[in-house]
$ cat model.tsv   # TSV, C-alpha atoms and all ligand atoms
chain	number	residue	atom	x	y	z
A	115	MET	CA	210.32	-88.29	2.09
A	116	SER	CA	211.05	-87.36	5.68
A	117	MET	CA	210.07	-89.75	8.41
A	118	ILE	CA	207.57	-88.58	10.97
A	119	HIS	CA	207.00	-90.47	14.21
A	120	ASN	CA	205.36	-89.29	17.39
A	121	PRO	CA	204.81	-85.92	15.68
A	122	SER	CA	203.99	-83.51	18.47
A	123	TYR	CA	201.97	-81.07	16.37
A	124	ILE	CA	199.19	-83.37	15.20
A	125	ASN	CA	196.04	-82.95	17.16
A	126	GLN	CA	193.24	-83.34	14.66
A	127	PRO	CA	190.96	-86.30	15.18
A	128	ALA	CA	190.57	-88.62	12.20
A	129	SER	CA	187.21	-88.19	10.53
A	130	PHE	CA	186.11	-91.80	11.20
A	131	GLU	CA	184.66	-91.54	7.68
A	132	SER	CA	187.60	-92.42	5.44
A	133	ASP	CA	187.04	-95.29	3.01
A	134	ALA	CA	190.75	-96.16	2.81
A	135	ILE	CA	191.49	-99.87	3.30
A	136	ILE	CA	194.66	-100.70	5.23
A	137	LEU	CA	196.41	-104.04	5.82
A	138	GLY	CA	197.99	-104.29	9.29
A	139	ILE	CA	200.71	-106.73	10.35
A	140	GLU	CA	201.60	-107.56	13.98
A	141	SER	CA	204.66	-109.69	14.82
A	142	SER	CA	206.33	-108.06	17.82
A	143	CYS	CA	205.89	-110.89	20.32
A	144	ASP	CA	204.36	-114.36	20.04
A	145	GLU	CA	201.40	-113.74	17.73
A	146	THR	CA	201.68	-113.54	13.95
A	147	ALA	CA	198.67	-111.53	12.88
A	148	ALA	CA	197.25	-109.76	9.82
A	149	ALA	CA	194.08	-107.68	9.60
A	150	ILE	CA	192.30	-105.50	7.06
A	151	VAL	CA	190.45	-102.45	8.37
A	152	ARG	CA	188.68	-99.52	6.67
A	153	GLY	CA	188.96	-95.92	7.85
A	154	ASP	CA	185.34	-95.90	9.06
A	155	GLY	CA	186.17	-98.71	11.50
A	156	HIS	CA	184.90	-101.65	9.46
A	157	ILE	CA	187.03	-104.77	10.13
A	158	PHE	CA	187.13	-106.93	6.97
A	159	ALA	CA	189.46	-109.56	8.42
A	160	ASN	CA	191.36	-110.14	11.66
A	161	GLU	CA	193.57	-113.23	11.46
A	162	ILE	CA	195.88	-114.40	14.20
A	163	ALA	CA	198.26	-117.35	14.54
A	164	SER	CA	199.32	-117.78	18.15
A	165	GLN	CA	202.63	-119.37	19.06
A	166	ALA	CA	201.59	-119.75	22.71
A	167	GLU	CA	201.78	-123.55	22.60
A	168	MET	CA	205.34	-123.48	21.21
A	169	HIS	CA	206.48	-121.32	24.13
A	170	ALA	CA	204.33	-122.93	26.84
A	171	THR	CA	206.88	-125.66	27.62
A	172	HIS	CA	209.52	-122.94	28.19
A	173	GLY	CA	207.28	-120.89	30.49
A	174	GLY	CA	207.78	-117.73	28.42
A	175	VAL	CA	208.49	-116.44	24.92
A	176	VAL	CA	211.75	-117.74	23.39
A	177	PRO	CA	212.90	-115.05	20.90
A	178	GLU	CA	214.58	-117.45	18.41
A	179	ILE	CA	211.55	-119.75	18.27
A	180	ALA	CA	209.28	-116.71	17.86
A	181	ALA	CA	211.30	-115.24	14.96
A	182	ARG	CA	211.44	-118.54	13.05
A	183	SER	CA	207.73	-119.08	13.49
A	184	HIS	CA	206.88	-115.52	12.31
A	185	LEU	CA	208.92	-116.17	9.17
A	186	ASP	CA	207.03	-119.41	8.43
A	187	THR	CA	203.60	-118.02	9.23
A	188	ILE	CA	203.44	-114.42	8.08
A	189	GLY	CA	202.78	-115.13	4.38
A	190	PRO	CA	199.94	-117.62	4.97
A	191	VAL	CA	198.34	-115.35	7.61
A	192	ILE	CA	198.28	-112.38	5.21
A	193	GLU	CA	196.81	-114.61	2.48
A	194	ARG	CA	194.15	-115.81	4.93
A	195	ALA	CA	193.24	-112.20	5.78
A	196	LEU	CA	192.86	-111.28	2.09
A	197	THR	CA	190.81	-114.41	1.39
A	198	SER	CA	188.45	-114.00	4.32
A	199	ALA	CA	188.02	-110.28	3.44
A	200	ASN	CA	187.38	-111.27	-0.17
A	201	LEU	CA	189.82	-108.58	-1.29
A	202	ASN	CA	192.79	-108.45	-3.66
A	203	PRO	CA	196.12	-106.83	-2.77
A	204	SER	CA	195.30	-104.11	-5.30
A	205	ASP	CA	192.25	-103.13	-3.17
A	206	LEU	CA	194.57	-102.02	-0.36
A	207	ASP	CA	195.34	-98.31	0.12
A	208	GLY	CA	198.30	-98.84	2.42
A	209	ILE	CA	200.31	-101.36	4.44
A	210	ALA	CA	200.96	-100.90	8.15
A	211	ALA	CA	203.19	-103.02	10.37
A	212	THR	CA	204.39	-102.89	13.96
A	213	GLY	CA	207.80	-101.19	13.80
A	214	GLY	CA	208.50	-101.67	17.54
A	215	PRO	CA	208.78	-101.94	20.45
A	216	GLY	CA	209.16	-105.69	20.77
A	217	LEU	CA	211.35	-108.69	20.00
A	218	ILE	CA	213.52	-107.45	17.17
A	219	GLY	CA	213.43	-110.65	15.07
A	220	GLY	CA	209.67	-110.58	14.72
A	221	VAL	CA	209.51	-106.81	14.23
A	222	LEU	CA	212.10	-107.10	11.42
A	223	ILE	CA	210.08	-109.81	9.66
A	224	GLY	CA	206.82	-107.83	9.84
A	225	THR	CA	208.56	-104.64	8.74
A	226	MET	CA	210.32	-106.24	5.75
A	227	THR	CA	207.07	-107.91	4.66
A	228	ALA	CA	205.13	-104.65	4.85
A	229	LYS	CA	207.82	-102.64	3.05
A	230	SER	CA	208.04	-105.25	0.25
A	231	MET	CA	204.27	-105.25	-0.23
A	232	ALA	CA	204.10	-101.45	-0.19
A	233	LEU	CA	206.88	-101.26	-2.77
A	234	ALA	CA	205.37	-103.94	-5.01
A	235	LEU	CA	201.88	-102.41	-4.82
A	236	ASP	CA	203.13	-98.81	-4.96
A	237	LYS	CA	201.14	-97.97	-1.82
A	238	PRO	CA	202.21	-96.06	1.31
A	239	TYR	CA	203.85	-97.86	4.23
A	240	TYR	CA	203.13	-97.06	7.88
A	241	ALA	CA	205.52	-98.05	10.70
A	242	ILE	CA	203.28	-98.32	13.75
A	243	ASN	CA	204.29	-98.16	17.39
A	244	HIS	CA	202.75	-101.31	18.93
A	245	LEU	CA	201.80	-99.32	22.04
A	246	GLU	CA	200.06	-96.71	19.91
A	247	GLY	CA	198.13	-99.57	18.29
A	248	HIS	CA	196.83	-100.53	21.75
A	249	ALA	CA	196.28	-96.85	22.61
A	250	LEU	CA	194.10	-96.10	19.57
A	251	THR	CA	191.98	-99.29	19.66
A	252	ALA	CA	189.15	-97.59	21.57
A	253	ARG	CA	188.84	-95.15	18.67
A	254	LEU	CA	188.32	-98.12	16.34
A	255	THR	CA	185.77	-99.82	18.61
A	256	ASP	CA	184.09	-96.87	20.35
A	257	LYS	CA	185.01	-93.81	18.24
A	258	VAL	CA	186.45	-92.15	21.36
A	259	GLU	CA	187.57	-88.56	20.67
A	260	PHE	CA	190.87	-87.01	21.83
A	261	PRO	CA	191.86	-86.23	24.55
A	262	TYR	CA	191.51	-89.22	26.84
A	263	LEU	CA	193.30	-90.86	29.74
A	264	LEU	CA	194.81	-94.22	28.84
A	265	LEU	CA	195.68	-97.09	31.16
A	266	LEU	CA	197.89	-99.40	29.10
A	267	ILE	CA	198.27	-102.76	30.83
A	268	SER	CA	200.10	-105.49	28.93
A	269	GLY	CA	202.77	-108.13	29.43
A	270	GLY	CA	205.60	-105.65	28.91
A	271	HIS	CA	204.10	-102.29	29.87
A	272	THR	CA	201.99	-100.69	32.57
A	273	GLN	CA	201.51	-97.00	31.94
A	274	LEU	CA	199.08	-94.15	32.48
A	275	LEU	CA	199.14	-91.63	29.63
A	276	ALA	CA	197.19	-88.57	28.59
A	277	VAL	CA	196.44	-89.06	24.88
A	278	HIS	CA	196.19	-85.56	23.44
A	279	GLY	CA	196.15	-86.55	19.77
A	280	LEU	CA	197.64	-88.88	17.19
A	281	GLY	CA	201.29	-89.34	18.14
A	282	GLN	CA	200.86	-86.99	21.10
A	283	TYR	CA	201.26	-88.72	24.45
A	284	GLU	CA	202.05	-87.41	27.93
A	285	ARG	CA	203.14	-90.11	30.34
A	286	TYR	CA	201.73	-89.68	33.84
A	287	GLY	CA	203.15	-92.89	35.23
A	288	THR	CA	204.89	-96.17	34.47
A	289	THR	CA	206.10	-99.23	36.33
A	290	LEU	CA	209.31	-99.15	38.28
A	291	ASP	CA	209.84	-102.87	37.72
A	292	ASP	CA	207.45	-105.58	36.46
A	293	ALA	CA	204.40	-104.93	34.28
A	294	ALA	CA	200.90	-105.94	35.47
A	295	GLY	CA	200.76	-108.79	32.93
A	296	GLU	CA	204.16	-109.95	34.14
A	297	ALA	CA	202.81	-110.12	37.71
A	298	PHE	CA	200.16	-112.53	36.43
A	299	ASP	CA	202.61	-114.49	34.27
A	300	LYS	CA	205.14	-114.88	37.10
A	301	GLY	CA	202.40	-115.63	39.64
A	302	ALA	CA	200.97	-118.34	37.38
A	303	LYS	CA	204.43	-119.86	37.02
A	304	LEU	CA	204.84	-119.98	40.82
A	305	LEU	CA	201.44	-121.66	41.08
A	306	GLY	CA	202.12	-124.09	38.22
A	307	LEU	CA	199.18	-122.74	36.24
A	308	GLY	CA	201.03	-122.47	32.92
A	309	TYR	CA	201.65	-119.80	30.33
A	310	PRO	CA	200.28	-117.24	29.47
A	311	GLY	CA	199.50	-116.57	33.09
A	312	GLY	CA	196.79	-113.89	32.95
A	313	PRO	CA	193.96	-116.03	31.54
A	314	ALA	CA	195.06	-118.99	33.73
A	315	ILE	CA	194.98	-116.85	36.90
A	316	GLU	CA	191.57	-115.42	35.96
A	317	LEU	CA	190.16	-118.90	35.37
A	318	ALA	CA	191.56	-120.30	38.63
A	319	ALA	CA	190.51	-117.20	40.59
A	320	ALA	CA	186.87	-117.75	39.65
A	321	ASN	CA	186.75	-120.57	42.24
A	322	GLY	CA	189.00	-118.94	44.82
A	323	ASN	CA	188.69	-116.73	47.89
A	324	PRO	CA	190.42	-113.35	47.24
A	325	LYS	CA	190.81	-112.79	50.98
A	326	ALA	CA	192.52	-116.15	51.62
A	327	ILE	CA	195.89	-114.42	51.99
A	328	THR	CA	196.86	-110.78	52.31
A	329	LEU	CA	199.25	-109.37	49.75
A	330	PRO	CA	200.83	-105.90	49.91
A	331	ASN	CA	199.33	-102.89	48.10
A	332	PRO	CA	202.52	-101.59	46.48
A	333	ARG	CA	203.22	-97.83	46.61
A	334	SER	CA	199.83	-97.16	48.22
A	335	GLN	CA	201.49	-94.47	50.37
A	336	TYR	CA	202.27	-92.35	47.26
A	337	ASP	CA	199.64	-90.32	45.46
A	338	ASP	CA	201.48	-90.37	42.10
A	339	CYS	CA	200.75	-92.50	39.03
A	340	HIS	CA	203.70	-94.94	39.11
A	341	PHE	CA	203.39	-98.70	39.64
A	342	SER	CA	205.50	-101.43	41.18
A	343	PHE	CA	204.64	-105.12	40.95
A	344	SER	CA	207.82	-107.06	41.70
A	345	GLY	CA	207.18	-106.99	45.47
A	346	LEU	CA	203.83	-108.68	44.91
A	347	LYS	CA	205.53	-111.61	43.24
A	348	THR	CA	208.01	-111.97	46.12
A	349	ALA	CA	205.21	-111.74	48.69
A	350	LEU	CA	203.19	-114.36	46.79
A	351	ALA	CA	206.19	-116.71	46.68
A	352	GLN	CA	206.60	-116.37	50.47
A	353	LYS	CA	202.88	-117.00	51.12
A	354	ILE	CA	202.93	-120.06	48.86
A	355	ASP	CA	205.90	-121.42	50.83
A	356	ALA	CA	204.16	-120.76	54.13
A	357	PHE	CA	200.58	-121.81	53.33
A	358	LYS	CA	200.67	-124.23	50.40
A	359	ASP	CA	199.28	-127.06	52.54
A	360	THR	CA	196.20	-125.13	53.62
A	361	VAL	CA	195.51	-122.63	50.82
A	362	SER	CA	194.49	-123.75	47.31
A	363	ALA	CA	195.94	-122.51	44.02
A	364	ALA	CA	192.53	-120.97	43.30
A	365	ASP	CA	192.74	-118.96	46.55
A	366	PHE	CA	196.28	-117.76	45.78
A	367	ALA	CA	195.18	-116.82	42.24
A	368	ALA	CA	192.13	-114.88	43.50
A	369	SER	CA	194.27	-113.05	46.09
A	370	LEU	CA	196.85	-112.08	43.46
A	371	GLN	CA	194.14	-110.88	41.07
A	372	LEU	CA	192.63	-108.70	43.82
A	373	ALA	CA	196.03	-107.21	44.73
A	374	VAL	CA	196.84	-106.31	41.10
A	375	CYS	CA	193.34	-104.88	40.64
A	376	LYS	CA	193.64	-102.69	43.76
A	377	ALA	CA	197.01	-101.30	42.65
A	378	LEU	CA	195.69	-100.49	39.16
A	379	VAL	CA	192.56	-98.82	40.52
A	380	LYS	CA	194.44	-96.65	43.05
A	381	ARG	CA	196.96	-95.29	40.50
A	382	THR	CA	194.24	-94.75	37.89
A	383	GLU	CA	192.19	-92.75	40.40
A	384	ASN	CA	195.21	-90.48	40.97
A	385	ALA	CA	195.60	-90.11	37.20
A	386	MET	CA	191.89	-89.34	36.67
A	387	GLN	CA	192.15	-86.43	39.11
A	388	LYS	CA	195.26	-85.07	37.39
A	389	PHE	CA	193.82	-85.55	33.87
A	390	ALA	CA	190.46	-83.90	34.64
A	391	ALA	CA	192.22	-80.94	36.28
A	392	GLU	CA	194.61	-80.50	33.33
A	393	THR	CA	192.30	-81.08	30.37
A	394	GLY	CA	188.73	-80.72	31.63
A	395	ALA	CA	187.94	-84.01	29.82
A	396	ARG	CA	186.60	-87.11	31.62
A	397	GLN	CA	187.26	-90.08	29.39
A	398	LEU	CA	189.17	-93.20	30.43
A	399	VAL	CA	190.32	-95.92	28.04
A	400	ILE	CA	191.83	-99.27	29.05
A	401	ALA	CA	194.05	-101.14	26.59
A	402	GLY	CA	196.47	-104.08	26.47
A	403	GLY	CA	196.11	-107.76	27.29
A	404	VAL	CA	195.37	-107.34	31.01
A	405	ALA	CA	192.30	-105.24	30.09
A	406	ALA	CA	190.71	-108.58	29.10
A	407	ASN	CA	190.46	-109.40	32.84
A	408	LYS	CA	186.83	-109.09	34.00
A	409	MET	CA	187.54	-108.25	37.65
A	410	ILE	CA	190.01	-105.52	36.69
A	411	GLY	CA	187.52	-104.17	34.14
A	412	GLN	CA	184.83	-104.03	36.83
A	413	GLY	CA	187.15	-102.40	39.39
A	414	LEU	CA	188.08	-99.71	36.88
A	415	ALA	CA	184.44	-99.24	35.81
A	416	ASP	CA	183.49	-98.58	39.45
A	417	ALA	CA	186.42	-96.16	39.82
A	418	ALA	CA	185.46	-94.34	36.60
A	419	ALA	CA	181.88	-93.98	37.87
A	420	ARG	CA	183.14	-92.56	41.20
A	421	HIS	CA	185.07	-89.89	39.29
A	422	ALA	CA	182.30	-89.22	36.70
A	423	PHE	CA	184.52	-90.52	33.86
A	424	GLN	CA	183.24	-92.28	30.74
A	425	LEU	CA	184.98	-95.64	30.29
A	426	ALA	CA	185.81	-97.54	27.10
A	427	ILE	CA	187.31	-101.04	27.14
A	428	PRO	CA	187.68	-102.72	23.74
A	429	PRO	CA	186.43	-106.33	23.50
A	430	ALA	CA	188.94	-108.90	24.85
A	431	GLY	CA	190.11	-110.04	21.39
A	432	LEU	CA	191.12	-106.48	20.54
A	433	CYS	CA	192.79	-105.88	23.95
A	434	THR	CA	195.31	-108.71	23.58
A	435	ASP	CA	197.80	-108.46	20.73
A	436	ASN	CA	196.12	-108.36	17.32
A	437	ALA	CA	196.65	-106.81	13.90
A	438	ALA	CA	193.34	-104.93	13.67
A	439	MET	CA	194.79	-102.35	16.06
A	440	ILE	CA	197.84	-101.96	13.81
A	441	ALA	CA	195.67	-101.64	10.69
A	442	TRP	CA	193.51	-99.06	12.51
A	443	ALA	CA	196.57	-97.01	13.56
A	444	GLY	CA	197.56	-97.22	9.87
A	445	CYS	CA	194.11	-95.83	8.96
A	446	GLU	CA	194.68	-92.90	11.33
A	447	TYR	CA	198.12	-92.11	9.89
A	448	HIS	CA	196.72	-92.52	6.37
A	449	ALA	CA	193.90	-90.05	7.14
A	450	ALA	CA	196.53	-87.63	8.51
A	451	ASP	CA	198.64	-88.21	5.35
A	452	LEU	CA	201.70	-89.23	7.35
A	453	PRO	CA	203.36	-92.22	5.66
A	454	SER	CA	206.64	-93.62	6.96
A	455	SER	CA	209.85	-93.80	4.97
A	456	LEU	CA	210.91	-97.15	3.53
A	457	ASP	CA	214.17	-96.41	5.40
A	458	PHE	CA	212.42	-96.88	8.74
A	459	ALA	CA	214.61	-98.96	11.07
A	460	PRO	CA	212.74	-101.31	13.46
A	461	ARG	CA	212.97	-100.18	17.08
A	462	PRO	CA	213.29	-102.67	19.97
A	463	ARG	CA	212.47	-99.72	22.28
A	464	TRP	CA	210.03	-97.00	21.30
A	465	PRO	CA	208.48	-95.01	24.16
A	466	LEU	CA	205.20	-93.21	23.47
A	467	ASP	CA	206.40	-90.17	25.40
A	468	PRO	CA	210.18	-89.91	24.89
A	469	ASP	CA	210.30	-86.70	26.96
A	470	ALA	CA	208.72	-88.18	30.09
A	471	ALA	CA	210.60	-87.47	33.30
A	472	PRO	CA	212.00	-90.67	34.82
A	473	PRO	CA	210.02	-91.90	37.84
A	474	PRO	CA	211.68	-92.37	41.21
A	475	GLY	CA	213.57	-95.65	41.57
A	476	ARG	CA	215.63	-97.90	39.39
A	477	GLY	CA	215.09	-100.42	36.62
A	478	VAL	CA	212.50	-98.25	34.92
A	479	ARG	CA	210.58	-99.55	31.93
A	480	GLN	CA	209.86	-97.15	29.08
A	501	LIG	O1	198.95	-106.84	25.11
A	501	LIG	P1	199.33	-108.26	25.20
A	501	LIG	O2	198.54	-109.29	24.44
A	501	LIG	O3	200.84	-108.46	24.78
A	501	LIG	C1	201.84	-107.56	25.12
A	501	LIG	O4	202.04	-106.59	24.33
A	501	LIG	O5	202.42	-107.75	26.22
A	501	LIG	O6	199.35	-108.63	26.75
A	501	LIG	C2	199.73	-109.90	27.20
A	501	LIG	C3	199.62	-109.92	28.70
A	501	LIG	C4	200.17	-111.20	29.33
A	501	LIG	O7	200.98	-110.86	30.43
A	501	LIG	C5	198.92	-111.94	29.75
A	501	LIG	O8	199.15	-112.79	30.87
A	501	LIG	C6	197.98	-110.79	30.08
A	501	LIG	O9	198.23	-109.84	29.09
A	501	LIG	N1	196.58	-111.21	30.02
A	501	LIG	C7	195.74	-111.19	31.09
A	501	LIG	C8	194.51	-111.74	30.64
A	501	LIG	N2	194.63	-112.04	29.31
A	501	LIG	C9	195.89	-111.70	28.95
A	501	LIG	N3	195.95	-110.80	32.36
A	501	LIG	C10	194.92	-110.94	33.22
A	501	LIG	N4	193.71	-111.46	32.87
A	501	LIG	C11	193.47	-111.88	31.60
A	501	LIG	N5	192.28	-112.40	31.28
A	502	ZN	ZN	200.65	-105.70	23.20
$ encode --input "model.tsv" --output "structure tokens" --more "lines below"
Ligand code: KG4
Ligand code: ZN
Amino acid sequence: MSMIHNPSYINQPASFESDAIILGIESSCDETAAAIVRGDGHIFANEIASQAEMHATHGGVVPEIAARSHLDTIGPVIERALTSANLNPSDLDGIAATGGPGLIGGVLIGTMTAKSMALALDKPYYAINHLEGHALTARLTDKVEFPYLLLLISGGHTQLLAVHGLGQYERYGTTLDDAAGEAFDKGAKLLGLGYPGGPAIELAAANGNPKAITLPNPRSQYDDCHFSFSGLKTALAQKIDAFKDTVSAADFAASLQLAVCKALVKRTENAMQKFAAETGARQLVIAGGVAANKMIGQGLADAAARHAFQLAIPPAGLCTDNAAMIAWAGCEYHAADLPSSLDFAPRPRWPLDPDAAPPPGRGVRQ
């Protein structure tokens, strides 16, 4: 069987009517998760075991701790998913697992588990790109049709992509340095608000004044779709040094949240213009952990309305890492009859658009 990934010729939407039942496994970062989803979008089970507490004392994810914990937890989490779905392994029509990008230890564990189950059950195996899992979630939750413009905002990635079809992505922009989630995580660390930083910043910001300090609006002079967030972190560190006696953590948090929101809105507006001109479609989808942020969601909703775009944001629990999105991507590949080979090798890096031209600047994230 040949292996097909990011196939550029697939453009048919899934029917949203398939009754295939797919188990999805997610283990690429610090969540061990298993979910069971049907091809019509029904979620039977969506189990997640977070390691956040184990990493909190280190202020970030420690790869060795993550891998060991995935190994201990993956079996019980899959069993929990089957039990809460009231299904047997023989009811499954396929097994999907994140095959990258991510921390290689965890990806290996999820991949080996999925391959073993597929082999034992004699069912197809689907190696899913974690980013494609995020990208397709709005099709699971809102049945959004191709093509659409995607703003993917997570802890490791910040990208604007035209989604033309399954496996068919055109990158409009990416970050030159830090990801949006990283800006929150690093900002929270500077403010002593703990890890993960995004939810902590959002909580603190609720009682803060977003105009307490002025932070830069990175790359606002360019009308392209690329991001840069590392300067924000440096500027925040300087403002904390200068004003920590008079400005509260809540005020710093609110100011950071506003600055990230403004940068995301500006770039997305540029991308909406480009996407509408190129495709004639007016659909925006937000995905990834940062999409759980209410202020950012509102800022993007206002921007979408200004540009006459429809907007879909999956519920918070399906924006942050989860296995339902992996199971759903498995449903899409199952409907397209595109299984992966059991020879699939996990990929620490796996860009959605491998042909994208590099953006200006150095230290570019794929
Ligand atoms: O997609 P995700 O769960 O994992 C990755 O694939 O990276 O995203 C995690 C990122 C973290 O940086 C976290 O701080 C951020 O999403 N995040 C948030 C919020 N919830 C999670 N950022 C801002 N506001 C939130 N409410
Ligand atoms: Zn993610």
$ closest_atom_pairs --input "model.tsv" --of "segment 356-428 of chain A" --to "segment 231-249 of chain A" --cutoff "9 Å" --atoms "all atoms listed in the file" --output "JSON lines"
{"residue": "A:Val399", "atom": "CA", "partner": "A:Ala249", "partner_atom": "CA", "distance": 8.1}
{"residue": "A:Ile400", "atom": "CA", "partner": "A:Ala249", "partner_atom": "CA", "distance": 8.2}
{"residue": "A:Ala401", "atom": "CA", "partner": "A:His248", "partner_atom": "CA", "distance": 5.6}
{"residue": "A:Gly402", "atom": "CA", "partner": "A:His248", "partner_atom": "CA", "distance": 5.9}
$ closest_atom_pairs --input "model.tsv" --of "chain A" --to "ligand LIG 501 (chain A)" --cutoff "6 Å" --atoms "all atoms listed in the file" --output "tab-separated table"
residue	atom	partner	partner_atom	distance
A:Ser268	CA	A:LIG501	O6	3.9
A:Gly269	CA	A:LIG501	O5	3.3
A:Gly270	CA	A:LIG501	O5	4.7
A:Gly295	CA	A:LIG501	O7	3.3
A:Glu296	CA	A:LIG501	O7	5.0
A:Phe298	CA	A:LIG501	O8	5.7
A:Asp299	CA	A:LIG501	O8	5.1
A:Pro310	CA	A:LIG501	O8	4.8
A:Gly311	CA	A:LIG501	O8	4.4
A:Gly312	CA	A:LIG501	N3	3.3
A:Pro313	CA	A:LIG501	N5	4.0
A:Glu316	CA	A:LIG501	N4	5.5
A:Gly402	CA	A:LIG501	O1	4.0
A:Gly403	CA	A:LIG501	O6	3.4
A:Val404	CA	A:LIG501	N3	3.8
A:Ala406	CA	A:LIG501	N5	4.7
A:Asn407	CA	A:LIG501	N5	3.8
A:Thr434	CA	A:LIG501	O2	3.4
A:Asp435	CA	A:LIG501	O2	3.9
$ write_last_selection --input "model.tsv" --atoms "C-alpha atoms" --output "CSV table (one decimal), in the frame of the given file"
chain,number,residue,atom,x,y,z
A,268,SER,CA,200.1,-105.5,28.9
A,269,GLY,CA,202.8,-108.1,29.4
A,270,GLY,CA,205.6,-105.6,28.9
A,295,GLY,CA,200.8,-108.8,32.9
A,296,GLU,CA,204.2,-110.0,34.1
A,298,PHE,CA,200.2,-112.5,36.4
A,299,ASP,CA,202.6,-114.5,34.3
A,310,PRO,CA,200.3,-117.2,29.5
A,311,GLY,CA,199.5,-116.6,33.1
A,312,GLY,CA,196.8,-113.9,33.0
A,313,PRO,CA,194.0,-116.0,31.5
A,316,GLU,CA,191.6,-115.4,36.0
A,402,GLY,CA,196.5,-104.1,26.5
A,403,GLY,CA,196.1,-107.8,27.3
A,404,VAL,CA,195.4,-107.3,31.0
A,406,ALA,CA,190.7,-108.6,29.1
A,407,ASN,CA,190.5,-109.4,32.8
A,434,THR,CA,195.3,-108.7,23.6
A,435,ASP,CA,197.8,-108.5,20.7
$ closest_residue --input "model.tsv" --among "A:Leu206, A:Arg396, A:Leu329, A:Pro460" --to "His421 of chain A" --atoms "only C-alpha atoms"
A:Arg396
$ closest_residue --input "model.tsv" --among "A:Pro468, A:Gly444, A:Pro453, A:Pro177" --to "Ser132 of chain A" --atoms "all atoms listed in the file"
A:Gly444
$ atom_distance --input "model.tsv" --atom1 "atom CA of Ala147 of chain A" --atom2 "atom CA of Asn202 of chain A"
17.8 Å
$ closest_residue --input "model.tsv" --among "A:Leu265, A:Ala252, A:Leu378, A:Leu456" --to "Ser230 of chain A" --atoms "only C-alpha atoms"
A:Leu456
$ residues_around --input "model.tsv" --residues "Ala368 of chain A" --least-positions-apart "5" --cutoff "9 Å" --atoms "all atoms listed in the file" --output "VMD selection string"
chain A and resid 315 to 316 318 to 326 363 373
$ closest_residue --input "model.tsv" --among "A:Ala367, A:Gln282, A:Thr227, A:Ala459" --to "Lys303 of chain A" --atoms "all atoms listed in the file"
A:Ala367
$ residues_around --input "model.tsv" --residues "Ala418 of chain A" --least-positions-apart "6" --cutoff "9 Å" --atoms "all atoms listed in the file" --output "NGL selection string"
:A and (382-383 or 386 or 396-398 or 424-425)
$ closest_residue --input "model.tsv" --among "A:Asn436, A:Ala228, A:Ile162, A:Ala364" --to "ligand ZN 502 (chain A)" --atoms "only C-alpha atoms and all ligand atoms"
A:Asn436
$ atom_distance --input "model.tsv" --atom1 "atom CA of Pro429 of chain A" --atom2 "atom CA of Asp154 of chain A"
17.8 Å
$ atom_distance --input "model.tsv" --atom1 "atom CA of Thr328 of chain A" --atom2 "atom CA of Leu346 of chain A"
10.4 Å
$ closest_residue --input "model.tsv" --among "A:Leu370, A:Val277, A:Ala443, A:Ala450" --to "Ala294 of chain A" --atoms "only C-alpha atoms"
A:Leu370
$ residues_around --input "model.tsv" --residues "Gly345 of chain A" --least-positions-apart "5" --cutoff "9 Å" --atoms "only C-alpha atoms" --output "mmCIF file with C-alpha atoms, in the coordinates of the input"
data_model
loop_
_atom_site.group_PDB
_atom_site.id
_atom_site.type_symbol
_atom_site.label_atom_id
_atom_site.label_comp_id
_atom_site.auth_asym_id
_atom_site.auth_seq_id
_atom_site.Cartn_x
_atom_site.Cartn_y
_atom_site.Cartn_z
ATOM 1 C CA PRO A 330 200.830 -105.900 49.910
ATOM 2 C CA PRO A 332 202.520 -101.590 46.480
ATOM 3 C CA LEU A 350 203.190 -114.360 46.790
#
$ residues_around --input "model.tsv" --residues "Ala159 of chain A" --least-positions-apart "3" --cutoff "12 Å" --atoms "only C-alpha atoms" --output "PyMOL selection string"
chain A and resi 135-139+147-152+155-156+162+191-201+436-439+441-442
$ decode --input "model.tsv" --residues "segment 435-440 of chain A" --atoms "N, CA, C and O atoms" --output "short mmCIF file (atom, residue, chain, number, x, y, z; two decimals), in the first residue's frame"
data_model
loop_
_atom_site.label_atom_id
_atom_site.label_comp_id
_atom_site.auth_asym_id
_atom_site.auth_seq_id
_atom_site.Cartn_x
_atom_site.Cartn_y
_atom_site.Cartn_z
N ASP A 435 -5.86 21.08 22.63
CA ASP A 435 -5.55 19.74 22.15
C ASP A 435 -6.55 18.72 22.66
O ASP A 435 -6.90 18.71 23.85
N ASN A 436 -7.01 17.85 21.77
CA ASN A 436 -8.00 16.83 22.11
C ASN A 436 -7.90 15.72 21.07
O ASN A 436 -7.25 15.89 20.04
N ALA A 437 -8.55 14.60 21.34
CA ALA A 437 -8.46 13.48 20.39
C ALA A 437 -9.66 13.42 19.46
O ALA A 437 -9.61 12.73 18.44
N ALA A 438 -10.75 14.16 19.79
CA ALA A 438 -11.92 14.14 18.90
C ALA A 438 -11.51 14.70 17.53
O ALA A 438 -11.97 14.22 16.49
N MET A 439 -10.62 15.71 17.54
CA MET A 439 -10.21 16.29 16.26
C MET A 439 -9.38 15.29 15.44
O MET A 439 -9.42 15.29 14.21
N ILE A 440 -8.65 14.43 16.13
CA ILE A 440 -7.84 13.42 15.43
C ILE A 440 -8.76 12.32 14.89
O ILE A 440 -8.60 11.86 13.75
#
